[in-house]
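Pasting data-v4.csv here (CSV, C-alpha atoms):
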chain,number,residue,atom,x,y,z
A,1,MET,CA,36.3,118.2,-13.0
A,2,ARG,CA,35.8,121.9,-13.6
A,3,GLY,CA,38.2,121.8,-16.6
A,4,PHE,CA,36.5,118.8,-18.0
A,5,VAL,CA,33.0,120.3,-18.0
A,6,ILE,CA,34.4,123.6,-19.4
A,7,ILE,CA,35.8,121.6,-22.4
A,8,LEU,CA,32.3,120.0,-22.8
A,9,MET,CA,30.8,123.4,-22.7
A,10,ALA,CA,33.0,124.6,-25.5
A,11,LEU,CA,31.9,121.7,-27.6
A,12,ASP,CA,28.2,122.5,-27.0
A,13,HIS,CA,28.7,126.1,-27.9
A,14,ALA,CA,30.5,125.2,-31.1
A,15,ARG,CA,27.5,123.1,-31.9
A,16,ALA,CA,25.1,126.0,-31.2
A,17,PHE,CA,27.2,128.4,-33.4
A,18,PHE,CA,27.9,126.1,-36.3
A,19,HIS,CA,25.6,123.1,-36.6
A,20,GLU,CA,23.3,123.1,-39.6
A,21,SER,CA,20.2,122.2,-37.4
A,22,GLY,CA,20.5,125.5,-35.6
A,23,LEU,CA,20.5,126.2,-31.9
A,24,GLU,CA,17.9,123.7,-30.7
A,25,VAL,CA,18.3,119.9,-30.9
A,26,ALA,CA,15.1,118.1,-31.1
A,27,MET,CA,15.9,115.3,-28.6
A,28,ASP,CA,12.6,113.5,-29.3
A,29,ASP,CA,12.8,113.8,-33.1
A,30,PRO,CA,13.6,110.5,-35.0
A,31,SER,CA,15.6,112.4,-37.6
A,32,THR,CA,18.1,113.5,-34.9
A,33,SER,CA,21.2,111.4,-35.3
A,34,VAL,CA,22.7,109.5,-32.5
A,35,GLY,CA,25.9,111.5,-32.7
A,36,LEU,CA,24.1,114.8,-32.4
A,37,TYR,CA,21.9,113.5,-29.6
A,38,LEU,CA,24.8,112.3,-27.5
A,39,THR,CA,26.8,115.5,-28.3
A,40,ARG,CA,24.0,117.6,-26.9
A,41,TRP,CA,23.2,115.2,-24.0
A,42,ILE,CA,26.8,115.1,-22.6
A,43,SER,CA,26.8,118.9,-22.4
A,44,HIS,CA,24.0,118.6,-19.8
A,45,PHE,CA,26.8,117.9,-17.3
A,46,CYS,CA,28.4,121.4,-17.7
A,47,ALA,CA,26.2,123.7,-15.7
A,48,PRO,CA,25.2,121.4,-12.8
A,49,VAL,CA,28.8,120.4,-12.2
A,50,PHE,CA,30.1,123.9,-12.5
A,51,VAL,CA,27.5,125.4,-10.2
A,52,TYR,CA,27.9,122.6,-7.7
A,53,LEU,CA,31.7,123.1,-7.6
A,54,ALA,CA,31.2,126.9,-7.2
A,55,GLY,CA,29.4,126.1,-4.0
A,56,THR,CA,32.1,123.7,-2.9
A,57,SER,CA,34.8,126.3,-3.6
A,58,ILE,CA,33.0,128.8,-1.4
A,59,ALA,CA,32.9,126.3,1.4
A,60,LEU,CA,36.6,125.4,1.1
A,61,MET,CA,37.4,129.2,1.1
A,62,SER,CA,35.6,129.5,4.4
A,63,GLU,CA,38.4,127.6,6.1
A,64,ARG,CA,41.0,130.3,5.4
A,65,ILE,CA,38.8,133.5,5.2
A,66,PRO,CA,36.8,135.0,8.0
A,67,ARG,CA,33.0,134.6,7.4
A,68,ASN,CA,32.3,138.3,7.1
A,69,GLU,CA,35.1,138.8,4.7
A,70,LEU,CA,34.0,135.7,2.7
A,71,ALA,CA,30.4,137.0,2.6
A,72,ARG,CA,31.5,140.3,1.2
A,73,PHE,CA,33.8,138.7,-1.4
A,74,VAL,CA,31.0,136.3,-2.6
A,75,LEU,CA,28.5,139.2,-2.7
A,76,ILE,CA,30.8,141.4,-4.8
A,77,ARG,CA,31.7,138.4,-7.0
A,78,GLY,CA,28.0,137.8,-7.7
A,79,ILE,CA,27.3,141.4,-8.6
A,80,TRP,CA,30.4,141.4,-10.9
A,81,LEU,CA,29.2,138.2,-12.7
A,82,ILE,CA,25.8,139.7,-13.3
A,83,PHE,CA,27.4,142.8,-14.7
A,84,LEU,CA,29.5,140.7,-17.0
A,85,GLU,CA,26.5,138.7,-18.2
A,86,VAL,CA,24.5,141.8,-19.1
A,87,MET,CA,27.1,144.2,-20.3
A,88,VAL,CA,29.8,142.0,-21.8
A,89,HIS,CA,28.9,138.4,-22.4
A,90,SER,CA,25.5,139.0,-23.9
A,91,LEU,CA,27.1,141.4,-26.5
A,92,ALA,CA,29.7,138.7,-27.3
A,93,VAL,CA,26.9,136.3,-28.0
A,94,THR,CA,24.5,138.6,-29.9
A,95,SER,CA,26.7,141.2,-31.5
A,96,SER,CA,23.7,143.5,-31.5
A,97,PRO,CA,24.2,146.4,-29.0
A,98,PHE,CA,21.7,148.6,-31.0
A,99,GLY,CA,18.9,146.1,-31.2
A,100,GLN,CA,17.8,142.8,-32.7
A,101,PRO,CA,15.1,142.9,-35.4
A,102,GLU,CA,13.7,139.5,-34.4
A,103,VAL,CA,12.8,140.8,-31.0
A,104,GLY,CA,11.2,144.0,-32.1
A,105,GLY,CA,14.4,146.0,-32.4
A,106,LYS,CA,15.2,145.7,-28.7
A,107,ILE,CA,18.6,144.9,-27.3
A,108,TYR,CA,18.6,141.1,-26.8
A,109,VAL,CA,20.2,140.3,-23.4
A,110,VAL,CA,20.5,136.5,-22.8
A,111,MET,CA,20.6,135.7,-19.1
A,112,GLN,CA,22.6,132.4,-18.8
A,113,VAL,CA,25.0,130.7,-16.5
A,114,LEU,CA,26.8,133.9,-15.3
A,115,TRP,CA,23.5,135.3,-14.3
A,116,ALA,CA,22.6,132.1,-12.4
A,117,LEU,CA,26.0,132.0,-10.8
A,118,GLY,CA,25.9,135.7,-9.9
A,119,GLY,CA,22.4,135.5,-8.4
A,120,GLY,CA,23.4,132.3,-6.5
A,121,MET,CA,26.4,133.9,-5.0
A,122,ILE,CA,24.4,136.9,-3.8
A,123,ILE,CA,22.1,134.5,-2.0
A,124,MET,CA,25.1,132.5,-0.8
A,125,SER,CA,26.6,135.6,0.8
A,126,GLY,CA,23.8,135.4,3.3
A,127,ALA,CA,23.3,131.6,3.4
A,128,ILE,CA,26.8,130.9,4.5
A,129,TYR,CA,25.9,132.2,8.0
A,130,PHE,CA,23.4,129.3,8.4
A,131,GLY,CA,26.1,126.6,8.1
A,132,ALA,CA,26.6,123.5,6.0
A,133,ARG,CA,23.7,121.4,7.3
A,134,ALA,CA,21.1,124.1,6.7
A,135,CYS,CA,22.4,124.8,3.2
A,136,THR,CA,22.3,121.2,2.3
A,137,THR,CA,18.7,120.9,3.5
A,138,LEU,CA,17.6,124.1,1.7
A,139,GLY,CA,19.4,122.9,-1.5
A,140,VAL,CA,17.7,119.6,-1.5
A,141,LEU,CA,14.3,121.2,-0.9
A,142,ILE,CA,14.8,123.6,-3.8
A,143,LEU,CA,15.9,120.8,-6.2
A,144,CYS,CA,12.9,118.7,-5.3
A,145,SER,CA,10.5,121.6,-5.9
A,146,ALA,CA,12.0,122.6,-9.3
A,147,ALA,CA,9.7,120.6,-11.5
A,148,PRO,CA,6.5,121.1,-9.4
A,149,ILE,CA,7.0,124.9,-9.4
A,150,HIS,CA,7.4,125.0,-13.1
A,151,ASN,CA,4.3,122.9,-13.6
A,152,ILE,CA,2.3,125.2,-11.3
A,153,LEU,CA,3.5,128.4,-13.1
A,154,GLN,CA,2.9,126.8,-16.5
A,155,ILE,CA,5.3,129.2,-18.2
A,156,ASP,CA,6.7,128.4,-21.7
A,157,PHE,CA,9.6,130.3,-23.1
A,158,TYR,CA,8.6,133.0,-25.6
A,159,LEU,CA,10.5,136.1,-26.7
A,160,ASP,CA,7.5,138.3,-26.1
A,161,GLY,CA,8.8,140.0,-23.0
A,162,ASN,CA,5.6,139.5,-21.0
A,163,THR,CA,6.9,137.2,-18.2
A,164,PRO,CA,6.8,138.8,-14.8
A,165,VAL,CA,10.3,139.3,-13.5
A,166,TRP,CA,9.7,137.4,-10.2
A,167,ILE,CA,8.6,134.3,-12.2
A,168,THR,CA,11.9,134.2,-14.1
A,169,LEU,CA,13.7,133.6,-10.8
A,170,PHE,CA,12.0,130.2,-10.7
A,171,THR,CA,11.5,129.2,-14.4
A,172,ILE,CA,12.4,130.4,-17.9
A,173,GLY,CA,10.9,133.5,-19.4
A,174,SER,CA,11.5,136.9,-20.9
A,175,TYR,CA,10.8,140.4,-19.8
A,176,THR,CA,11.2,143.9,-21.1
A,177,PHE,CA,13.2,146.6,-19.2
A,178,GLY,CA,13.6,149.9,-21.0
A,179,PRO,CA,15.2,149.3,-24.5
A,180,ALA,CA,16.2,145.7,-23.7
A,181,LEU,CA,14.6,142.3,-23.8
A,182,PHE,CA,15.9,140.0,-21.1
A,183,ALA,CA,15.7,136.3,-21.9
A,184,SER,CA,16.2,134.3,-18.7
A,185,LEU,CA,17.3,130.7,-19.6
A,186,TYR,CA,18.9,130.0,-16.2
A,187,PRO,CA,16.4,130.8,-13.4
A,188,VAL,CA,18.3,131.7,-10.3
A,189,ILE,CA,16.4,129.8,-7.6
A,190,PRO,CA,16.8,126.2,-9.0
A,191,TRP,CA,20.5,126.8,-9.8
A,192,THR,CA,21.1,128.3,-6.4
A,193,GLY,CA,19.8,125.0,-5.0
A,194,VAL,CA,22.8,123.2,-6.7
A,195,MET,CA,25.2,125.8,-5.3
A,196,LEU,CA,23.8,125.4,-1.8
A,197,LEU,CA,24.2,121.6,-2.1
A,198,GLY,CA,27.8,122.1,-3.2
A,199,PHE,CA,28.5,124.3,-0.2
A,200,GLY,CA,26.8,122.0,2.2
A,201,THR,CA,28.5,118.8,1.1
A,202,ALA,CA,32.0,120.2,0.7
A,203,SER,CA,33.2,118.3,3.7
A,204,ILE,CA,33.3,115.2,1.5
A,205,PHE,CA,36.3,116.7,-0.3
A,206,LYS,CA,38.2,117.3,2.9
A,207,LYS,CA,38.3,113.6,3.8
A,208,ALA,CA,41.2,111.2,3.1
A,209,PRO,CA,41.2,110.1,-0.6
A,210,ASP,CA,39.9,106.5,0.1
A,211,GLU,CA,37.1,107.6,2.3
A,212,ARG,CA,36.2,110.5,0.0
A,213,ASN,CA,36.1,108.3,-3.1
A,214,LYS,CA,34.0,105.7,-1.4
A,215,ILE,CA,31.4,108.3,-0.4
A,216,LEU,CA,31.4,109.8,-3.9
A,217,ILE,CA,30.9,106.5,-5.6
A,218,ASN,CA,28.2,105.3,-3.2
A,219,THR,CA,26.4,108.7,-3.5
A,220,GLY,CA,26.7,108.7,-7.2
A,221,PHE,CA,25.2,105.3,-7.6
A,222,PHE,CA,22.4,106.1,-5.1
A,223,LEU,CA,21.4,109.2,-7.2
A,224,ILE,CA,21.5,107.2,-10.4
A,225,VAL,CA,19.2,104.5,-8.9
A,226,VAL,CA,16.8,107.2,-7.6
A,227,PHE,CA,16.7,108.7,-11.1
A,228,PHE,CA,15.8,105.4,-12.7
A,229,VAL,CA,13.2,104.5,-10.1
A,230,MET,CA,11.5,107.9,-10.4
A,231,ARG,CA,11.7,108.0,-14.2
A,232,LEU,CA,10.4,104.4,-14.6
A,233,PHE,CA,7.7,104.2,-12.0
A,234,PHE,CA,6.6,107.7,-11.1
A,235,GLU,CA,5.4,110.7,-13.2
A,236,ILE,CA,7.2,113.2,-11.0
A,237,GLY,CA,10.5,115.0,-11.1
A,238,ASP,CA,10.4,116.3,-14.6
A,239,GLN,CA,8.2,118.5,-16.8
A,240,ASP,CA,8.4,116.1,-19.7
A,241,GLN,CA,7.1,112.5,-19.4
A,242,TRP,CA,8.5,109.7,-21.5
A,243,LYS,CA,6.6,107.1,-23.4
A,244,VAL,CA,7.3,103.8,-25.3
A,245,SER,CA,7.8,104.7,-28.9
A,246,GLU,CA,6.3,102.9,-31.9
A,247,LEU,CA,9.6,103.4,-33.6
A,248,GLY,CA,11.5,101.0,-31.3
A,249,ILE,CA,13.8,100.9,-28.4
A,250,ALA,CA,16.2,103.6,-29.6
A,251,MET,CA,13.5,106.3,-29.8
A,252,THR,CA,12.1,105.1,-26.4
A,253,MET,CA,15.5,105.5,-24.8
A,254,ALA,CA,15.9,108.9,-26.5
A,255,ASP,CA,12.6,110.0,-25.0
A,256,PHE,CA,13.5,108.4,-21.6
A,257,PHE,CA,16.6,110.5,-21.3
A,258,ASN,CA,15.1,113.6,-22.7
A,259,LEU,CA,15.1,115.7,-19.5
A,260,SER,CA,14.2,119.3,-19.0
A,261,LYS,CA,17.2,121.6,-18.7
A,262,TYR,CA,15.2,124.9,-19.4
A,263,PRO,CA,14.2,125.1,-16.6
A,264,PRO,CA,16.1,122.3,-14.9
A,265,SER,CA,14.2,119.5,-13.2
A,266,LEU,CA,15.0,117.2,-10.3
A,267,LEU,CA,15.6,114.3,-12.7
A,268,PHE,CA,17.9,116.5,-14.7
A,269,PHE,CA,20.0,117.1,-11.6
A,270,LEU,CA,19.9,113.5,-10.5
A,271,ALA,CA,21.1,112.3,-14.0
A,272,THR,CA,24.0,114.7,-14.0
A,273,LEU,CA,25.1,115.0,-10.4
A,274,GLY,CA,25.1,111.3,-9.9
A,275,PRO,CA,27.6,110.4,-12.7
A,276,MET,CA,29.6,113.5,-11.7
A,277,ALA,CA,30.1,112.2,-8.1
A,278,ILE,CA,31.4,108.9,-9.5
A,279,MET,CA,33.7,110.7,-12.0
A,280,CYS,CA,35.0,112.9,-9.1
A,281,ALA,CA,36.3,109.7,-7.5
A,282,TYR,CA,38.4,108.8,-10.5
A,283,VAL,CA,39.5,112.0,-12.3
A,284,ASP,CA,42.5,112.5,-9.9
A,285,ARG,CA,44.0,109.3,-11.3
A,286,ILE,CA,44.4,110.9,-14.7
A,287,GLY,CA,47.9,112.1,-15.3
A,288,GLY,CA,50.3,113.4,-18.0
A,289,LYS,CA,49.6,116.0,-20.6
A,290,ILE,CA,45.9,115.5,-20.7
A,291,LYS,CA,45.6,116.4,-17.0
A,292,LYS,CA,47.8,119.4,-17.5
A,293,ILE,CA,45.5,120.7,-20.3
A,294,VAL,CA,42.3,120.0,-18.5
A,295,VAL,CA,43.5,121.5,-15.2
A,296,LEU,CA,44.7,124.6,-17.0
A,297,PHE,CA,41.2,125.3,-18.4
A,298,GLY,CA,39.7,124.6,-15.0
A,299,ARG,CA,41.9,127.3,-13.4
A,300,VAL,CA,40.7,130.1,-15.6
A,301,PRO,CA,37.0,129.3,-16.1
A,302,LEU,CA,35.7,132.8,-16.4
A,303,SER,CA,38.3,133.9,-18.8
A,304,PHE,CA,37.9,130.8,-20.9
A,305,TYR,CA,34.1,131.2,-20.9
A,306,MET,CA,34.2,134.8,-22.1
A,307,LEU,CA,36.9,134.3,-24.6
A,308,HIS,CA,35.5,131.2,-26.2
A,309,MET,CA,32.1,132.7,-26.8
A,310,ALA,CA,33.6,135.8,-28.5
A,311,LEU,CA,35.9,133.6,-30.6
A,312,LEU,CA,33.1,131.3,-31.7
A,313,ASN,CA,31.0,134.3,-32.6
A,314,VAL,CA,33.8,135.7,-34.8
A,315,MET,CA,34.5,132.3,-36.4
A,316,SER,CA,30.9,131.8,-37.2
A,317,MET,CA,30.8,135.2,-39.0
A,318,ILE,CA,33.8,134.2,-41.0
A,319,PHE,CA,32.3,130.9,-41.9
A,320,GLY,CA,29.0,132.5,-42.8
A,321,VAL,CA,30.8,134.8,-45.3
A,322,TYR,CA,32.6,131.8,-46.7
A,323,GLN,CA,29.3,130.1,-47.2
A,324,GLY,CA,28.0,133.1,-49.2
A,325,PHE,CA,26.0,135.0,-46.6
A,326,GLU,CA,26.3,138.7,-45.8
A,327,ILE,CA,28.1,139.4,-42.6
A,328,SER,CA,25.2,141.6,-41.5
A,329,GLU,CA,23.1,138.4,-41.2
A,330,PHE,CA,25.3,137.4,-38.3
A,331,TYR,CA,24.9,140.6,-36.4
A,332,GLY,CA,22.8,139.0,-33.8
A,333,SER,CA,22.3,135.9,-31.6
A,334,PHE,CA,23.1,132.5,-33.2
A,335,ARG,CA,19.4,131.7,-32.4
A,336,PHE,CA,18.6,133.9,-35.5
A,337,TYR,CA,21.3,132.7,-37.9
A,338,PRO,CA,20.1,132.0,-41.5
A,339,GLU,CA,18.4,128.6,-41.9
A,340,GLU,CA,20.7,127.5,-44.7
A,341,TYR,CA,23.8,128.3,-42.7
A,342,GLY,CA,25.9,125.7,-40.9
A,343,THR,CA,28.0,122.5,-41.1
A,344,ASN,CA,27.6,118.9,-40.1
A,345,LEU,CA,28.6,117.3,-36.8
A,346,TRP,CA,32.1,116.6,-38.0
A,347,GLY,CA,32.6,120.2,-38.8
A,348,VAL,CA,31.4,121.2,-35.4
A,349,TYR,CA,34.0,118.9,-33.8
A,350,LEU,CA,36.7,120.5,-36.0
A,351,VAL,CA,35.6,124.0,-35.0
A,352,PHE,CA,35.7,122.8,-31.3
A,353,VAL,CA,39.3,121.5,-31.7
A,354,ILE,CA,40.5,124.6,-33.5
A,355,ALA,CA,38.9,127.0,-30.9
A,356,THR,CA,40.2,125.2,-27.8
A,357,THR,CA,43.6,124.9,-29.4
A,358,MET,CA,43.7,128.6,-30.1
A,359,LEU,CA,42.7,129.4,-26.5
A,360,TYR,CA,45.2,127.1,-24.8
A,361,PRO,CA,48.2,129.5,-25.1
A,362,VAL,CA,46.0,132.4,-24.1
A,363,CYS,CA,44.8,130.6,-21.0
A,364,SER,CA,48.3,129.6,-20.2
A,365,TRP,CA,49.4,133.2,-20.3
A,366,ILE,CA,46.4,134.3,-18.1
Show me the file's structure as structure tokens.
Amino acid sequence: MRGFVIILMALDHARAFFHESGLEVAMDDPSTSVGLYLTRWISHFCAPVFVYLAGTSIALMSERIPRNELARFVLIRGIWLIFLEVMVHSLAVTSSPFGQPEVGGKIYVVMQVLWALGGGMIIMSGAIYFGARACTTLGVLILCSAAPIHNILQIDFYLDGNTPVWITLFTIGSYTFGPALFASLYPVIPWTGVMLLGFGTASIFKKAPDERNKILINTGFFLIVVFFVMRLFFEIGDQDQWKVSELGIAMTMADFFNLSKYPPSLLFFLATLGPMAIMCAYVDRIGGKIKKIVVLFGRVPLSFYMLHMALLNVMSMIFGVYQGFEISEFYGSFRFYPEEYGTNLWGVYLVFVIATTMLYPVCSWI
């Protein structure tokens, strides 16, 4: 499962670096094609599944590592991930260590999934002492409060650097620290809720295959049913409400499944973790070369994550020069790439295939 979502992640980042529409996909725009909509939507599985399985991995490690030693390992791992996010990964994404003109010349530091994972692990280093049941309860409470907290805070994402730091732990925002502008897209607290849930429910994966798969399938369908009931009949669980479109059922469905990821909502988690649970019951039946490739990427997630972002950044610069732009126009985040730059969705998929193919032997060596 981890390898599968990492591959989906590479596809989404290829879209972000190369698609002609730019970074953002207007999920409620009638001009957005079905292919682009689905390409963006399936990438929603990446972060929830990865963070959930990170919590599961910590729980499974607890069976062979003393608790104090595990807490120390998880704490150091969390600090290391945050360091990588700020000092390495952000530069691989923005290529602007001396400042980004679009943010007032400040160093643009994007706080994404490594930040959320690192912050979550720091919290988990203490939470593991409370046990699985307490972690599950706390995780559920956090996920259920994600959308209400955002609605109470009423914070929209702007690159003005004026969001109080404590608020960015709960929702998206940006703040200034010295010469840098920190853009927090993955607030630590909601994503820690997913990690706590993964830790607390890890016992499912210790059961015999038949029993495990039955629990996963039943749980998955239950979460999906809860999602549809809440989305259809209650205006809770997500920051964005859907409505029947005058343009027909297709646009109505697009709006219905247009869920908030930045920051994540309860309905977002239900719509991703539910299908994930069902998929977990079936992925071990896949065999052959496909399984070998997917498992390989899943075994080196951090290396793949760092390498594929740097590779896509370099490839986008080369492609930009090919399209007639100055390479200096790509010295910055892909958020600020020239409007005329990019390729269609077929080109995005080609870039995705090329990038993952190039990284396969590197990951094999690692």
*At a cut-off of 7 Å from (38.3, 121.0, -27.1) in the coordinates of the file, what residues are picked up using all atoms listed in the file, written as a VMD selection string?*
chain A and resid 7 10 to 11 352 to 353 356 to 357
Long-range neighbours of region 262-267 of chain A as a PDB file with C-alpha atoms, in the coordinates of the input, 9 Å cut-off, all atoms listed in the file, 5 positions minimum in chain:
ATOM      1  CA  LEU A 143      15.900 120.800  -6.200  1.00  0.00           C
ATOM      2  CA  CYS A 144      12.900 118.700  -5.300  1.00  0.00           C
ATOM      3  CA  SER A 145      10.500 121.600  -5.900  1.00  0.00           C
ATOM      4  CA  ALA A 146      12.000 122.600  -9.300  1.00  0.00           C
ATOM      5  CA  ALA A 147       9.700 120.600 -11.500  1.00  0.00           C
ATOM      6  CA  PRO A 148       6.500 121.100  -9.400  1.00  0.00           C
ATOM      7  CA  HIS A 150       7.400 125.000 -13.100  1.00  0.00           C
ATOM      8  CA  PHE A 157       9.600 130.300 -23.100  1.00  0.00           C
ATOM      9  CA  PHE A 170      12.000 130.200 -10.700  1.00  0.00           C
ATOM     10  CA  THR A 171      11.500 129.200 -14.400  1.00  0.00           C
ATOM     11  CA  ILE A 172      12.400 130.400 -17.900  1.00  0.00           C
ATOM     12  CA  LEU A 185      17.300 130.700 -19.600  1.00  0.00           C
ATOM     13  CA  TYR A 186      18.900 130.000 -16.200  1.00  0.00           C
ATOM     14  CA  PRO A 187      16.400 130.800 -13.400  1.00  0.00           C
ATOM     15  CA  PRO A 190      16.800 126.200  -9.000  1.00  0.00           C
ATOM     16  CA  TRP A 191      20.500 126.800  -9.800  1.00  0.00           C
ATOM     17  CA  VAL A 226      16.800 107.200  -7.600  1.00  0.00           C
ATOM     18  CA  PHE A 227      16.700 108.700 -11.100  1.00  0.00           C
ATOM     19  CA  PHE A 228      15.800 105.400 -12.700  1.00  0.00           C
ATOM     20  CA  MET A 230      11.500 107.900 -10.400  1.00  0.00           C
ATOM     21  CA  ARG A 231      11.700 108.000 -14.200  1.00  0.00           C
ATOM     22  CA  ILE A 236       7.200 113.200 -11.000  1.00  0.00           C
ATOM     23  CA  GLY A 237      10.500 115.000 -11.100  1.00  0.00           C
ATOM     24  CA  ASP A 238      10.400 116.300 -14.600  1.00  0.00           C
ATOM     25  CA  GLN A 239       8.200 118.500 -16.800  1.00  0.00           C
ATOM     26  CA  THR A 272      24.000 114.700 -14.000  1.00  0.00           C
TER      27      THR A 272
END
Shell around Gly220 (chain A) at 10 Å using all atoms listed in the file, local window under 6 positions removed, as a compact mmCIF listing (two decimals) with C-alpha atoms, keeping the file's coordinate frame:
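Here's the written file part.txt:
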# COMPACT_ATOMS: atom_id res chain seq x y z
CA LYS A 214 34.00 105.70 -1.40
CA LEU A 270 19.90 113.50 -10.50
CA ALA A 271 21.10 112.30 -14.00
CA THR A 272 24.00 114.70 -14.00
CA LEU A 273 25.10 115.00 -10.40
CA GLY A 274 25.10 111.30 -9.90
CA PRO A 275 27.60 110.40 -12.70
CA MET A 276 29.60 113.50 -11.70
CA ALA A 277 30.10 112.20 -8.10
CA ILE A 278 31.40 108.90 -9.50
CA MET A 279 33.70 110.70 -12.00
CA CYS A 280 35.00 112.90 -9.10
CA ALA A 281 36.30 109.70 -7.50
*Provide the CA of Tyr337 (chain A) to CA of Ser260 (chain A) distance in Å, to one decimal place.*
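Interatomic distance, CA of Tyr337 (chain A) to CA of Ser260 (chain A): 24.2 Å.
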*asked:* So, with only C-alpha atoms as the atoms that count, which of A:Met253, A:Ile76, A:Leu247, A:Val314 lies closest to Ala92 (chain A)?
replied: A:Val314
*Considering only C-alpha atoms, state which residue in the set A:Val295, A:Leu75, A:Val51, A:Val244 is at the smallest distance from Gly193 (chain A).*
A:Val51
_d(CA of Ser57 (chain A), CA of Ile286 (chain A)) in Å_ = 21.3 Å
*Counting only C-alpha atoms, which of A:Leu216, A:Leu138, A:Phe130, A:Met111 gets nearest to Phe182 (chain A)?*
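Among the listed residues, A:Met111 lies closest to Phe182 (chain A).
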